[in-house]
file upload_18.cif (mmCIF, C-alpha atoms)
data_data
loop_
_atom_site.group_PDB
_atom_site.id
_atom_site.type_symbol
_atom_site.label_atom_id
_atom_site.label_comp_id
_atom_site.auth_asym_id
_atom_site.auth_seq_id
_atom_site.Cartn_x
_atom_site.Cartn_y
_atom_site.Cartn_z
ATOM 1 C CA MET A 1 93.336 90.106 106.019
ATOM 2 C CA THR A 2 92.954 90.504 109.775
ATOM 3 C CA ALA A 3 92.656 94.141 110.891
ATOM 4 C CA LEU A 4 94.142 94.936 114.273
ATOM 5 C CA VAL A 5 93.013 98.064 116.085
ATOM 6 C CA ARG A 6 95.725 100.161 117.652
ATOM 7 C CA ASP A 7 95.619 103.292 119.762
ATOM 8 C CA PRO A 8 95.736 106.497 117.704
ATOM 9 C CA ILE A 9 99.020 108.371 117.737
ATOM 10 C CA PRO A 10 98.481 112.008 118.760
ATOM 11 C CA LEU A 11 99.566 114.526 116.137
ATOM 12 C CA ALA A 12 100.401 118.142 116.771
ATOM 13 C CA PRO A 13 97.955 120.510 115.054
ATOM 14 C CA GLN A 14 99.350 122.045 111.879
ATOM 15 C CA PRO A 15 97.462 125.186 110.788
ATOM 16 C CA GLY A 16 96.893 125.488 107.054
ATOM 17 C CA ARG A 17 97.235 121.765 106.359
ATOM 18 C CA ARG A 18 94.389 119.474 105.539
ATOM 19 C CA PRO A 19 93.632 116.883 108.221
ATOM 20 C CA PRO A 20 95.379 113.512 107.855
ATOM 21 C CA ALA A 21 93.610 110.708 106.047
ATOM 22 C CA ALA A 22 93.043 107.463 107.935
ATOM 23 C CA GLY A 23 95.035 104.447 106.800
ATOM 24 C CA ALA A 24 95.454 100.733 107.492
ATOM 25 C CA ALA A 25 99.076 99.572 107.394
ATOM 26 C CA SER A 26 100.631 96.173 106.842
ATOM 27 C CA LEU A 27 102.338 94.744 109.916
ATOM 28 C CA ALA A 28 105.397 94.272 107.688
ATOM 29 C CA LEU A 29 105.807 98.064 107.840
ATOM 30 C CA ARG A 30 105.877 98.255 111.622
ATOM 31 C CA PRO A 31 109.691 98.679 111.772
ATOM 32 C CA VAL A 32 109.353 101.766 109.542
ATOM 33 C CA LEU A 33 106.135 103.310 110.808
ATOM 34 C CA ASP A 34 106.752 102.784 114.523
ATOM 35 C CA ALA A 35 110.248 104.262 114.211
ATOM 36 C CA PRO A 36 111.084 107.966 114.565
ATOM 37 C CA ARG A 37 110.079 110.129 111.607
ATOM 38 C CA ARG A 38 112.606 109.753 108.776
ATOM 39 C CA PRO A 39 112.937 111.321 105.317
ATOM 40 C CA ALA A 40 111.981 109.391 102.184
ATOM 41 C CA ARG A 41 111.695 110.078 98.453
ATOM 42 C CA VAL A 42 108.837 109.410 96.033
ATOM 43 C CA ILE A 43 110.145 106.922 93.468
ATOM 44 C CA ALA A 44 106.933 106.298 91.486
ATOM 45 C CA VAL A 45 103.416 107.738 91.200
ATOM 46 C CA PHE A 46 100.345 106.034 89.752
ATOM 47 C CA PRO A 47 96.641 106.929 89.985
ATOM 48 C CA SER A 48 96.107 104.286 92.676
ATOM 49 C CA ALA A 49 99.517 104.142 94.376
ATOM 50 C CA VAL A 50 102.572 106.122 95.427
ATOM 51 C CA TYR A 51 105.865 104.416 96.299
ATOM 52 C CA LEU A 52 108.301 105.964 98.753
ATOM 53 C CA GLU A 53 111.860 104.857 99.374
ATOM 54 C CA SER A 54 112.989 105.419 102.939
ATOM 55 C CA ARG A 55 116.517 106.580 103.563
ATOM 56 C CA ALA A 56 116.858 104.161 106.443
ATOM 57 C CA GLY A 57 119.058 101.199 105.569
ATOM 58 C CA ALA A 58 116.902 98.327 106.820
ATOM 59 C CA GLU A 59 114.071 96.637 104.920
ATOM 60 C CA PRO A 60 111.320 97.329 104.157
ATOM 61 C CA ARG A 61 112.844 100.357 102.455
ATOM 62 C CA VAL A 62 109.901 100.967 100.126
ATOM 63 C CA VAL A 63 106.463 101.909 101.445
ATOM 64 C CA ALA A 64 103.431 101.774 99.150
ATOM 65 C CA VAL A 65 100.591 104.195 99.895
ATOM 66 C CA VAL A 66 97.577 102.894 97.973
ATOM 67 C CA THR A 67 93.900 103.631 97.487
ATOM 68 C CA SER A 68 91.302 101.314 98.955
ATOM 69 C CA ASP A 69 90.554 99.782 95.535
ATOM 70 C CA ALA A 70 94.201 99.195 94.521
ATOM 71 C CA VAL A 71 96.221 95.982 94.552
ATOM 72 C CA ARG A 72 97.227 95.489 98.170
ATOM 73 C CA LEU A 73 100.945 94.762 98.376
ATOM 74 C CA PRO A 74 102.477 93.404 101.597
ATOM 75 C CA ASN A 75 104.246 96.758 102.157
ATOM 76 C CA ALA A 76 101.110 98.888 101.747
ATOM 77 C CA VAL A 77 99.395 101.590 103.740
ATOM 78 C CA VAL A 78 95.803 101.521 102.481
ATOM 79 C CA MET A 79 93.970 104.862 102.398
ATOM 80 C CA VAL A 80 90.226 105.298 102.774
ATOM 81 C CA ALA A 81 90.094 107.159 99.430
ATOM 82 C CA THR A 82 89.430 105.410 96.106
ATOM 83 C CA CYS A 83 91.345 105.847 92.864
ATOM 84 C CA ARG A 84 88.427 107.848 91.424
ATOM 85 C CA GLU A 85 88.988 110.505 94.095
ATOM 86 C CA ARG A 86 92.532 111.053 92.736
ATOM 87 C CA PRO A 87 94.266 111.486 96.095
ATOM 88 C CA PHE A 88 97.733 111.496 94.481
ATOM 89 C CA ARG A 89 97.041 114.043 91.724
ATOM 90 C CA ALA A 90 99.423 116.615 93.234
ATOM 91 C CA VAL A 91 102.231 114.173 94.085
ATOM 92 C CA ARG A 92 105.304 114.227 91.863
ATOM 93 C CA GLU A 93 108.066 111.669 91.379
ATOM 94 C CA GLY A 94 111.203 112.746 93.214
ATOM 95 C CA ALA A 95 109.266 114.687 95.843
ATOM 96 C CA GLU A 96 110.359 114.643 99.459
ATOM 97 C CA ALA A 97 108.353 112.530 101.891
ATOM 98 C CA TRP A 98 108.449 111.376 105.502
ATOM 99 C CA ALA A 99 107.604 108.086 107.196
ATOM 100 C CA GLY A 100 107.497 107.208 110.878
ATOM 101 C CA GLU A 101 105.721 107.998 114.132
ATOM 102 C CA GLY A 102 102.640 106.222 112.807
ATOM 103 C CA ARG A 103 102.155 108.266 109.656
ATOM 104 C CA VAL A 104 103.306 108.923 106.097
ATOM 105 C CA GLU A 105 103.572 112.438 104.635
ATOM 106 C CA ILE A 106 103.888 113.183 100.911
ATOM 107 C CA ASP A 107 103.688 116.696 99.449
ATOM 108 C CA GLY A 108 101.133 117.825 102.009
ATOM 109 C CA LEU A 109 99.195 114.552 101.805
ATOM 110 C CA GLU A 110 99.314 112.952 105.242
ATOM 111 C CA THR A 111 98.091 109.452 106.085
ATOM 112 C CA LYS A 112 97.827 108.430 109.714
ATOM 113 C CA VAL A 113 97.846 104.737 110.640
ATOM 114 C CA ARG A 114 94.636 103.935 112.491
ATOM 115 C CA ARG A 115 94.630 100.176 111.975
ATOM 116 C CA TRP A 116 97.023 97.361 111.083
ATOM 117 C CA TRP A 117 96.451 94.326 108.861
ATOM 118 C CA ASP A 118 98.350 91.052 108.841
ATOM 119 C CA PRO A 119 99.984 90.138 105.484
ATOM 120 C CA SER A 120 100.676 86.538 106.565
ATOM 121 C CA PRO A 121 97.485 84.503 106.014
ATOM 122 C CA ALA A 122 96.624 81.724 108.455
ATOM 123 C CA LEU A 123 96.252 78.574 106.319
ATOM 124 C CA GLY A 124 96.669 75.511 108.447
ATOM 125 C CA PRO A 125 96.591 72.820 109.289
ATOM 126 C CA VAL A 126 96.203 71.587 105.725
ATOM 127 C CA PRO A 127 95.949 67.807 105.115
ATOM 128 C CA VAL A 128 98.043 66.465 102.236
ATOM 129 C CA ALA A 129 94.872 65.384 100.386
ATOM 130 C CA THR A 130 93.491 68.929 100.664
ATOM 131 C CA LEU A 131 96.727 70.394 99.330
ATOM 132 C CA ALA A 132 96.697 67.929 96.409
ATOM 133 C CA HIS A 133 93.138 68.965 95.544
ATOM 134 C CA GLY A 134 94.073 72.631 95.888
ATOM 135 C CA VAL A 135 97.018 72.263 93.509
ATOM 136 C CA ARG A 136 94.761 70.623 90.910
ATOM 137 C CA SER A 137 92.221 73.446 91.328
ATOM 138 C CA LEU A 138 94.947 76.064 90.842
ATOM 139 C CA GLU A 139 96.265 74.283 87.752
ATOM 140 C CA ALA A 140 92.743 74.147 86.293
ATOM 141 C CA ALA A 141 92.058 77.830 87.011
ATOM 142 C CA LEU A 142 95.311 78.903 85.347
ATOM 143 C CA ALA A 143 94.644 76.643 82.356
ATOM 144 C CA ASP A 144 91.180 78.199 81.974
ATOM 145 C CA ALA A 145 92.757 81.671 82.019
ATOM 146 C CA GLY A 146 94.742 80.858 78.861
ATOM 147 C CA ARG A 147 97.038 83.630 77.633
ATOM 148 C CA ALA A 148 96.214 85.807 80.637
ATOM 149 C CA ALA A 149 98.246 83.382 82.760
ATOM 150 C CA ARG A 150 101.385 83.828 80.632
ATOM 151 C CA GLY A 151 103.834 86.021 82.495
ATOM 152 C CA GLY A 152 106.725 88.118 81.306
ATOM 153 C CA LEU A 153 109.132 85.155 81.253
ATOM 154 C CA TYR A 154 106.759 82.773 79.478
ATOM 155 C CA GLY A 155 108.883 80.366 77.419
ATOM 156 C CA HIS A 156 112.110 81.232 79.275
ATOM 157 C CA PRO A 157 113.898 78.072 80.469
ATOM 158 C CA ASP A 158 115.063 79.275 83.886
ATOM 159 C CA PRO A 159 111.640 79.536 85.637
ATOM 160 C CA VAL A 160 110.891 75.979 84.475
ATOM 161 C CA LEU A 161 114.259 74.771 85.730
ATOM 162 C CA LEU A 162 113.693 76.602 89.024
ATOM 163 C CA ALA A 163 110.344 74.858 89.531
ATOM 164 C CA ASP A 164 111.815 71.439 88.669
ATOM 165 C CA ARG A 165 114.836 71.793 90.983
ATOM 166 C CA CYS A 166 112.640 73.070 93.806
ATOM 167 C CA GLU A 167 110.200 70.170 93.478
ATOM 168 C CA ALA A 168 113.115 67.735 93.449
ATOM 169 C CA GLY A 169 114.518 69.273 96.628
ATOM 170 C CA ASP A 170 117.806 70.167 94.918
ATOM 171 C CA LEU A 171 118.916 73.144 97.027
ATOM 172 C CA ALA A 172 122.005 74.038 94.974
ATOM 173 C CA GLY A 173 120.080 73.765 91.691
ATOM 174 C CA THR A 174 117.184 75.802 93.077
ATOM 175 C CA ILE A 175 119.433 78.630 94.233
ATOM 176 C CA GLU A 176 121.426 78.632 91.003
ATOM 177 C CA ALA A 177 118.276 78.922 88.880
ATOM 178 C CA ALA A 178 116.777 81.539 91.214
ATOM 179 C CA GLU A 179 119.828 83.776 91.151
ATOM 180 C CA ARG A 180 119.708 83.868 87.345
ATOM 181 C CA ILE A 181 116.224 85.453 87.342
ATOM 182 C CA VAL A 182 116.642 88.017 90.129
ATOM 183 C CA GLY A 183 115.962 91.373 88.463
ATOM 184 C CA LEU A 184 115.155 89.739 85.116
ATOM 185 C CA GLY A 185 112.504 91.641 83.186
ATOM 186 C CA PRO A 186 111.354 95.274 82.902
ATOM 187 C CA GLY A 187 109.306 97.440 85.249
ATOM 188 C CA LEU A 188 109.183 98.296 88.938
ATOM 189 C CA THR A 189 108.770 94.608 89.776
ATOM 190 C CA PRO A 190 110.633 92.517 87.175
ATOM 191 C CA SER A 191 109.035 89.205 86.219
ATOM 192 C CA GLY A 192 111.810 87.121 87.733
ATOM 193 C CA ASP A 193 111.292 88.749 91.125
ATOM 194 C CA ASP A 194 107.519 88.254 90.978
ATOM 195 C CA ILE A 195 108.031 84.545 90.254
ATOM 196 C CA LEU A 196 110.426 84.265 93.187
ATOM 197 C CA CYS A 197 107.993 86.059 95.505
ATOM 198 C CA GLY A 198 105.208 83.629 94.619
ATOM 199 C CA LEU A 199 107.510 80.646 95.048
ATOM 200 C CA LEU A 200 108.846 81.804 98.429
ATOM 201 C CA LEU A 201 105.366 82.532 99.775
ATOM 202 C CA SER A 202 103.869 79.182 98.834
ATOM 203 C CA LEU A 203 106.893 77.243 100.098
ATOM 204 C CA ARG A 204 106.867 79.015 103.450
ATOM 205 C CA LEU A 205 103.137 79.409 104.096
ATOM 206 C CA LEU A 206 101.776 76.171 102.634
ATOM 207 C CA GLY A 207 104.881 74.257 103.670
ATOM 208 C CA GLY A 208 104.286 75.503 107.197
ATOM 209 C CA ALA A 209 100.595 74.535 107.064
ATOM 210 C CA VAL A 210 100.824 71.000 105.652
ATOM 211 C CA ARG A 211 102.186 68.109 107.693
ATOM 212 C CA PRO A 212 104.895 67.085 107.148
ATOM 213 C CA GLY A 213 106.090 70.251 105.435
ATOM 214 C CA GLY A 214 109.487 70.909 106.973
ATOM 215 C CA ARG A 215 111.412 70.374 103.760
ATOM 216 C CA ALA A 216 109.476 73.123 101.929
ATOM 217 C CA VAL A 217 110.079 75.593 104.765
ATOM 218 C CA TRP A 218 113.752 74.619 104.806
ATOM 219 C CA LEU A 219 113.951 75.398 101.081
ATOM 220 C CA ALA A 220 112.205 78.733 101.656
ATOM 221 C CA ASP A 221 114.739 79.637 104.361
ATOM 222 C CA TRP A 222 117.751 79.015 102.148
ATOM 223 C CA LEU A 223 116.214 80.386 98.959
ATOM 224 C CA GLY A 224 115.012 83.538 100.722
ATOM 225 C CA ALA A 225 118.454 84.166 102.179
ATOM 226 C CA ALA A 226 120.069 83.691 98.769
ATOM 227 C CA VAL A 227 117.834 86.002 96.728
ATOM 228 C CA THR A 228 117.665 88.789 99.305
ATOM 229 C CA ALA A 229 121.391 88.871 100.099
ATOM 230 C CA ASP A 230 122.193 91.371 97.338
ATOM 231 C CA ALA A 231 118.731 92.169 95.967
ATOM 232 C CA GLY A 232 119.296 95.867 96.653
ATOM 233 C CA THR A 233 121.994 95.987 93.965
ATOM 234 C CA ARG A 234 120.453 93.536 91.469
ATOM 235 C CA THR A 235 116.872 94.700 91.102
ATOM 236 C CA THR A 236 114.621 97.681 91.750
ATOM 237 C CA ALA A 237 114.097 99.056 95.240
ATOM 238 C CA LEU A 238 110.431 97.994 95.232
ATOM 239 C CA ALA A 239 111.198 94.470 94.031
ATOM 240 C CA ALA A 240 113.927 94.092 96.659
ATOM 241 C CA THR A 241 111.470 95.058 99.393
ATOM 242 C CA LEU A 242 108.876 92.619 98.054
ATOM 243 C CA LEU A 243 111.471 89.819 97.998
ATOM 244 C CA HIS A 244 112.275 90.530 101.649
ATOM 245 C CA CYS A 245 108.556 90.504 102.474
ATOM 246 C CA ALA A 246 108.023 87.205 100.666
ATOM 247 C CA ALA A 247 111.028 85.605 102.355
ATOM 248 C CA SER A 248 109.403 86.359 105.724
ATOM 249 C CA GLY A 249 105.957 85.112 104.627
ATOM 250 C CA ALA A 250 104.308 88.516 104.042
ATOM 251 C CA ALA A 251 101.942 88.291 101.054
ATOM 252 C CA GLY A 252 99.830 90.746 99.130
ATOM 253 C CA ALA A 253 96.068 90.334 99.472
ATOM 254 C CA GLU A 254 95.637 88.820 96.001
ATOM 255 C CA VAL A 255 98.369 86.215 96.524
ATOM 256 C CA ALA A 256 97.038 85.419 100.001
ATOM 257 C CA ALA A 257 93.610 84.709 98.499
ATOM 258 C CA VAL A 258 95.110 82.190 96.052
ATOM 259 C CA LEU A 259 97.011 80.487 98.871
ATOM 260 C CA ARG A 260 93.804 80.270 100.898
ATOM 261 C CA ALA A 261 92.126 78.701 97.882
ATOM 262 C CA VAL A 262 94.864 76.079 97.586
ATOM 263 C CA ALA A 263 94.420 75.376 101.303
ATOM 264 C CA GLY A 264 90.724 74.704 100.674
ATOM 265 C CA LEU A 265 89.464 77.862 102.381
ATOM 266 C CA GLU A 266 87.861 79.598 99.371
ATOM 267 C CA PRO A 267 87.130 78.942 95.660
ATOM 268 C CA ALA A 268 90.160 78.980 93.392
ATOM 269 C CA ALA A 269 88.789 80.509 90.184
ATOM 270 C CA PRO A 270 87.751 83.960 91.566
ATOM 271 C CA ALA A 271 90.990 84.271 93.536
ATOM 272 C CA VAL A 272 93.073 83.428 90.463
ATOM 273 C CA ARG A 273 91.163 85.955 88.339
ATOM 274 C CA ARG A 274 91.863 88.720 90.867
ATOM 275 C CA LEU A 275 95.555 87.852 90.981
ATOM 276 C CA LEU A 276 95.937 87.708 87.187
ATOM 277 C CA ALA A 277 94.382 91.183 86.941
ATOM 278 C CA ALA A 278 97.210 92.672 89.033
ATOM 279 C CA GLY A 279 99.639 94.728 86.986
ATOM 280 C CA HIS A 280 100.734 94.130 83.400
ATOM 281 C CA THR A 281 102.365 90.720 83.973
ATOM 282 C CA SER A 282 102.940 90.744 87.745
ATOM 283 C CA GLY A 283 99.811 88.756 88.540
ATOM 284 C CA ALA A 284 100.656 86.019 86.036
ATOM 285 C CA ASP A 285 104.280 85.878 87.212
ATOM 286 C CA LEU A 286 103.224 85.658 90.855
ATOM 287 C CA ALA A 287 100.747 82.909 89.968
ATOM 288 C CA SER A 288 103.474 80.966 88.177
ATOM 289 C CA GLY A 289 105.702 81.131 91.241
ATOM 290 C CA VAL A 290 102.841 80.206 93.586
ATOM 291 C CA LEU A 291 102.024 77.134 91.492
ATOM 292 C CA ALA A 292 105.670 76.040 91.462
ATOM 293 C CA GLY A 293 105.882 76.408 95.242
ATOM 294 C CA CYS A 294 102.582 74.575 95.820
ATOM 295 C CA ARG A 295 103.720 71.654 93.679
ATOM 296 C CA ALA A 296 107.010 71.527 95.555
ATOM 297 C CA ALA A 297 105.337 71.704 98.986
ATOM 298 C CA LEU A 298 103.021 68.856 97.967
ATOM 299 C CA ALA A 299 105.838 66.725 96.562
ATOM 300 C CA HIS A 300 107.938 67.096 99.710
ATOM 301 C CA ALA A 301 104.994 66.409 102.026
ATOM 302 C CA VAL A 302 104.150 63.221 100.101
ATOM 303 C CA MET A 303 107.770 62.124 100.072
ATOM 304 C CA ALA A 304 108.191 62.758 103.812
ATOM 305 C CA GLY A 305 104.968 60.870 104.533
ATOM 306 C CA GLN A 306 106.341 57.876 102.661
ATOM 307 C CA GLY A 307 109.558 57.904 104.628
ATOM 308 C CA GLY A 308 111.510 59.465 101.801
ATOM 309 C CA ARG A 309 110.184 57.217 99.016
ATOM 310 C CA VAL A 310 108.851 58.872 95.880
ATOM 311 C CA SER A 311 105.593 57.391 94.589
ATOM 312 C CA ALA A 312 105.593 55.721 91.207
#
call {"tool": "encode", "arguments": {"input": "upload_18.cif", "output": "structure tokens"}}
result
Amino acid sequence: MTALVRDPIPLAPQPGRRPPAAGAASLALRPVLDAPRRPARVIAVFPSAVYLESRAGAEPRVVAVVTSDAVRLPNAVVMVATCRERPFRAVREGAEAWAGEGRVEIDGLETKVRRWWDPSPALGPVPVATLAHGVRSLEAALADAGRAARGGLYGHPDPVLLADRCEAGDLAGTIEAAERIVGLGPGLTPSGDDILCGLLLSLRLLGGAVRPGGRAVWLADWLGAAVTADAGTRTTALAATLLHCAASGAAGAEVAAVLRAVAGLEPAAPAVRRLLAAGHTSGADLASGVLAGCRAALAHAVMAGQGGRVSA
């Protein structure tokens, strides 16, 4: 990810408080962190991450504050501390928090944004032949992973139907299948939402990198609008934020690495292993969606290059 230096934001001295930790924030969070300081609430605490839900109405509503060795989501502020240092040991779910004016404050733990990183990887231009090779490499890496590549909806018919309709360019069928899996599955990020995030990211980012890729981007536009329209009432707050991020092309670091591999910019196998290690099933679900989107982007690029004819 590209780190962008920004001028430090002066903070008033606060006697009795420990000095703020330095952090690197995703550019997707700029609307929240550049805004005036607003209240938020801690909705989940893990050894390597804390999730805050802002009380502002606009997305991204959920901010992830993570350690430097955690999975890097597209809505993350990355601290210098590692998980072993236990920076969140005193934070409790339901605690009050604040976000804005270039910093995040949680139960006396303050993180000041010193740098920004870009969650939208630069992939292109990607020749169709390179994309075809990248899709085969991704398929091989997932096949080698075996059961580790089986996500939470493995065997469910709707993700398969979603991938088929998307590859065929059937907008109505794609949206219908997608809407059936929004919020489907347990956890902070249900499997259906992870699949949709991977699909949206590969359609938008690889579709925008390959020529001609307009059809894939067109699908991403419509699909993103459909699944984010009422995501706030159909899935968890974190998953809704991640769907909004994906619809705009903002990817987590592990997904971005897989997309770079498909674009021929790095080896596929190590990137796939890192993604599959993310979460209980989230990595596998994201990988499933990425593969579906890559196949669709390739199919539409080939079709457009043939003047609309599908190869035998």
call {"tool": "atom_distance", "arguments": {"input": "upload_18.cif", "atom1": "CA of Val255 in chain A", "atom2": "CA of Leu203 in chain A"}}
result
12.9 Å
call {"tool": "resolve_selection", "arguments": {"input": "upload_18.cif", "expression": "the PyMOL selection byres ((chain A and resi 65) around 6)", "output": "list in words"}}
result
Ala49, Val50, Ala64, Val66, Ala76 and Val77 of chain A
call {"tool": "residues_around", "arguments": {"input": "upload_18.cif", "residues": "range 185-202 of chain A", "least_positions_apart": "2", "cutoff": "6 Å", "atoms": "all atoms listed in the file", "output": "list in words"}}
result
Gly152, Ile181, Val182, Gly183, Arg204, Leu205, Leu206, Ala220, Ala239, Leu243, Ala246, Ala247, Gly249, Asp285, Leu286, Gly289, Val290, Gly293 and Cys294 of chain A
call {"tool": "axis_aligned_box", "arguments": {"input": "upload_18.cif", "around": "range 260-275 of chain A", "padding_each_side": "8 Å", "output": "AutoDock Vina command-line options"}}
result
--center_x 91.3 --center_y 81.7 --center_z 95.4 --size_x 24.4 --size_y 30.0 --size_z 30.0
call {"tool": "residues_near_point", "arguments": {"input": "upload_18.cif", "point": "(96.9, 114.5, 91.5)", "cutoff": "12 Å", "atoms": "only C-alpha atoms", "output": "compact mmCIF listing (two decimals) with C-alpha atoms, in the frame of the given file"}}
result
# COMPACT_ATOMS: atom_id res chain seq x y z
CA VAL A 45 103.42 107.74 91.20
CA PHE A 46 100.34 106.03 89.75
CA PRO A 47 96.64 106.93 89.98
CA SER A 48 96.11 104.29 92.68
CA ALA A 49 99.52 104.14 94.38
CA VAL A 50 102.57 106.12 95.43
CA CYS A 83 91.34 105.85 92.86
CA ARG A 84 88.43 107.85 91.42
CA GLU A 85 88.99 110.50 94.10
CA ARG A 86 92.53 111.05 92.74
CA PRO A 87 94.27 111.49 96.10
CA PHE A 88 97.73 111.50 94.48
CA ARG A 89 97.04 114.04 91.72
CA ALA A 90 99.42 116.62 93.23
CA VAL A 91 102.23 114.17 94.08
CA ARG A 92 105.30 114.23 91.86
CA GLU A 93 108.07 111.67 91.38
CA ILE A 106 103.89 113.18 100.91
CA ASP A 107 103.69 116.70 99.45
CA GLY A 108 101.13 117.82 102.01
CA LEU A 109 99.20 114.55 101.80
call {"tool": "residues_around", "arguments": {"input": "upload_18.cif", "residues": "range 124-130 of chain A", "least_positions_apart": "2", "cutoff": "6 Å", "atoms": "all atoms listed in the file", "output": "PDB file with C-alpha atoms, keeping the file's coordinate frame"}}
result
ATOM      1  CA  ALA A 132      96.697  67.929  96.409  1.00  0.00           C
ATOM      2  CA  HIS A 133      93.138  68.965  95.544  1.00  0.00           C
ATOM      3  CA  ALA A 209     100.595  74.535 107.064  1.00  0.00           C
ATOM      4  CA  VAL A 210     100.824  71.000 105.652  1.00  0.00           C
TER       5      VAL A 210
END
call {"tool": "closest_residue", "arguments": {"input": "upload_18.cif", "among": "A:Ala296, A:Ala70, A:Thr233, A:Arg41", "to": "Arg274 in chain A", "atoms": "all atoms listed in the file"}}
result
A:Ala70
call {"tool": "closest_residue", "arguments": {"input": "upload_18.cif", "among": "A:Ala99, A:Leu29, A:Ala216, A:Ala263", "to": "Trp117 in chain A", "atoms": "all atoms listed in the file"}}
result
A:Leu29
call {"tool": "resolve_selection", "arguments": {"input": "upload_18.cif", "expression": "the PyMOL selection byres ((chain A and resi 53) around 6)", "output": "NGL selection string"}}
result
:A and (40-41 or 52 or 54 or 61-62)
call {"tool": "build_atoms", "arguments": {"input": "upload_18.cif", "residues": "range 289-300 of chain A", "atoms": "N, CA and C atoms", "output": "PDB file, keeping the file's coordinate frame"}}
result
ATOM      1  N   GLY A 289     104.871  81.481  90.088  1.00  0.00           N
ATOM      2  CA  GLY A 289     105.702  81.131  91.241  1.00  0.00           C
ATOM      3  C   GLY A 289     104.927  80.413  92.328  1.00  0.00           C
ATOM      4  N   VAL A 290     103.682  80.865  92.576  1.00  0.00           N
ATOM      5  CA  VAL A 290     102.841  80.206  93.586  1.00  0.00           C
ATOM      6  C   VAL A 290     102.597  78.753  93.199  1.00  0.00           C
ATOM      7  N   LEU A 291     102.279  78.504  91.934  1.00  0.00           N
ATOM      8  CA  LEU A 291     102.024  77.134  91.492  1.00  0.00           C
ATOM      9  C   LEU A 291     103.271  76.268  91.665  1.00  0.00           C
ATOM     10  N   ALA A 292     104.432  76.800  91.300  1.00  0.00           N
ATOM     11  CA  ALA A 292     105.670  76.040  91.462  1.00  0.00           C
ATOM     12  C   ALA A 292     105.912  75.694  92.931  1.00  0.00           C
ATOM     13  N   GLY A 293     105.681  76.657  93.821  1.00  0.00           N
ATOM     14  CA  GLY A 293     105.882  76.408  95.242  1.00  0.00           C
ATOM     15  C   GLY A 293     104.873  75.426  95.810  1.00  0.00           C
ATOM     16  N   CYS A 294     103.616  75.512  95.355  1.00  0.00           N
ATOM     17  CA  CYS A 294     102.582  74.575  95.820  1.00  0.00           C
ATOM     18  C   CYS A 294     102.909  73.154  95.403  1.00  0.00           C
ATOM     19  N   ARG A 295     103.339  72.988  94.148  1.00  0.00           N
ATOM     20  CA  ARG A 295     103.720  71.654  93.679  1.00  0.00           C
ATOM     21  C   ARG A 295     104.887  71.100  94.485  1.00  0.00           C
ATOM     22  N   ALA A 296     105.854  71.973  94.783  1.00  0.00           N
ATOM     23  CA  ALA A 296     107.010  71.527  95.555  1.00  0.00           C
ATOM     24  C   ALA A 296     106.609  71.165  96.978  1.00  0.00           C
ATOM     25  N   ALA A 297     105.783  71.998  97.619  1.00  0.00           N
ATOM     26  CA  ALA A 297     105.337  71.704  98.986  1.00  0.00           C
ATOM     27  C   ALA A 297     104.590  70.379  99.039  1.00  0.00           C
ATOM     28  N   LEU A 298     103.759  70.117  98.022  1.00  0.00           N
ATOM     29  CA  LEU A 298     103.021  68.856  97.967  1.00  0.00           C
ATOM     30  C   LEU A 298     103.971  67.677  97.769  1.00  0.00           C
ATOM     31  N   ALA A 299     104.903  67.819  96.830  1.00  0.00           N
ATOM     32  CA  ALA A 299     105.838  66.725  96.562  1.00  0.00           C
ATOM     33  C   ALA A 299     106.646  66.374  97.799  1.00  0.00           C
ATOM     34  N   HIS A 300     107.118  67.367  98.530  1.00  0.00           N
ATOM     35  CA  HIS A 300     107.938  67.096  99.710  1.00  0.00           C
ATOM     36  C   HIS A 300     107.105  66.532 100.851  1.00  0.00           C
TER      37      HIS A 300
END
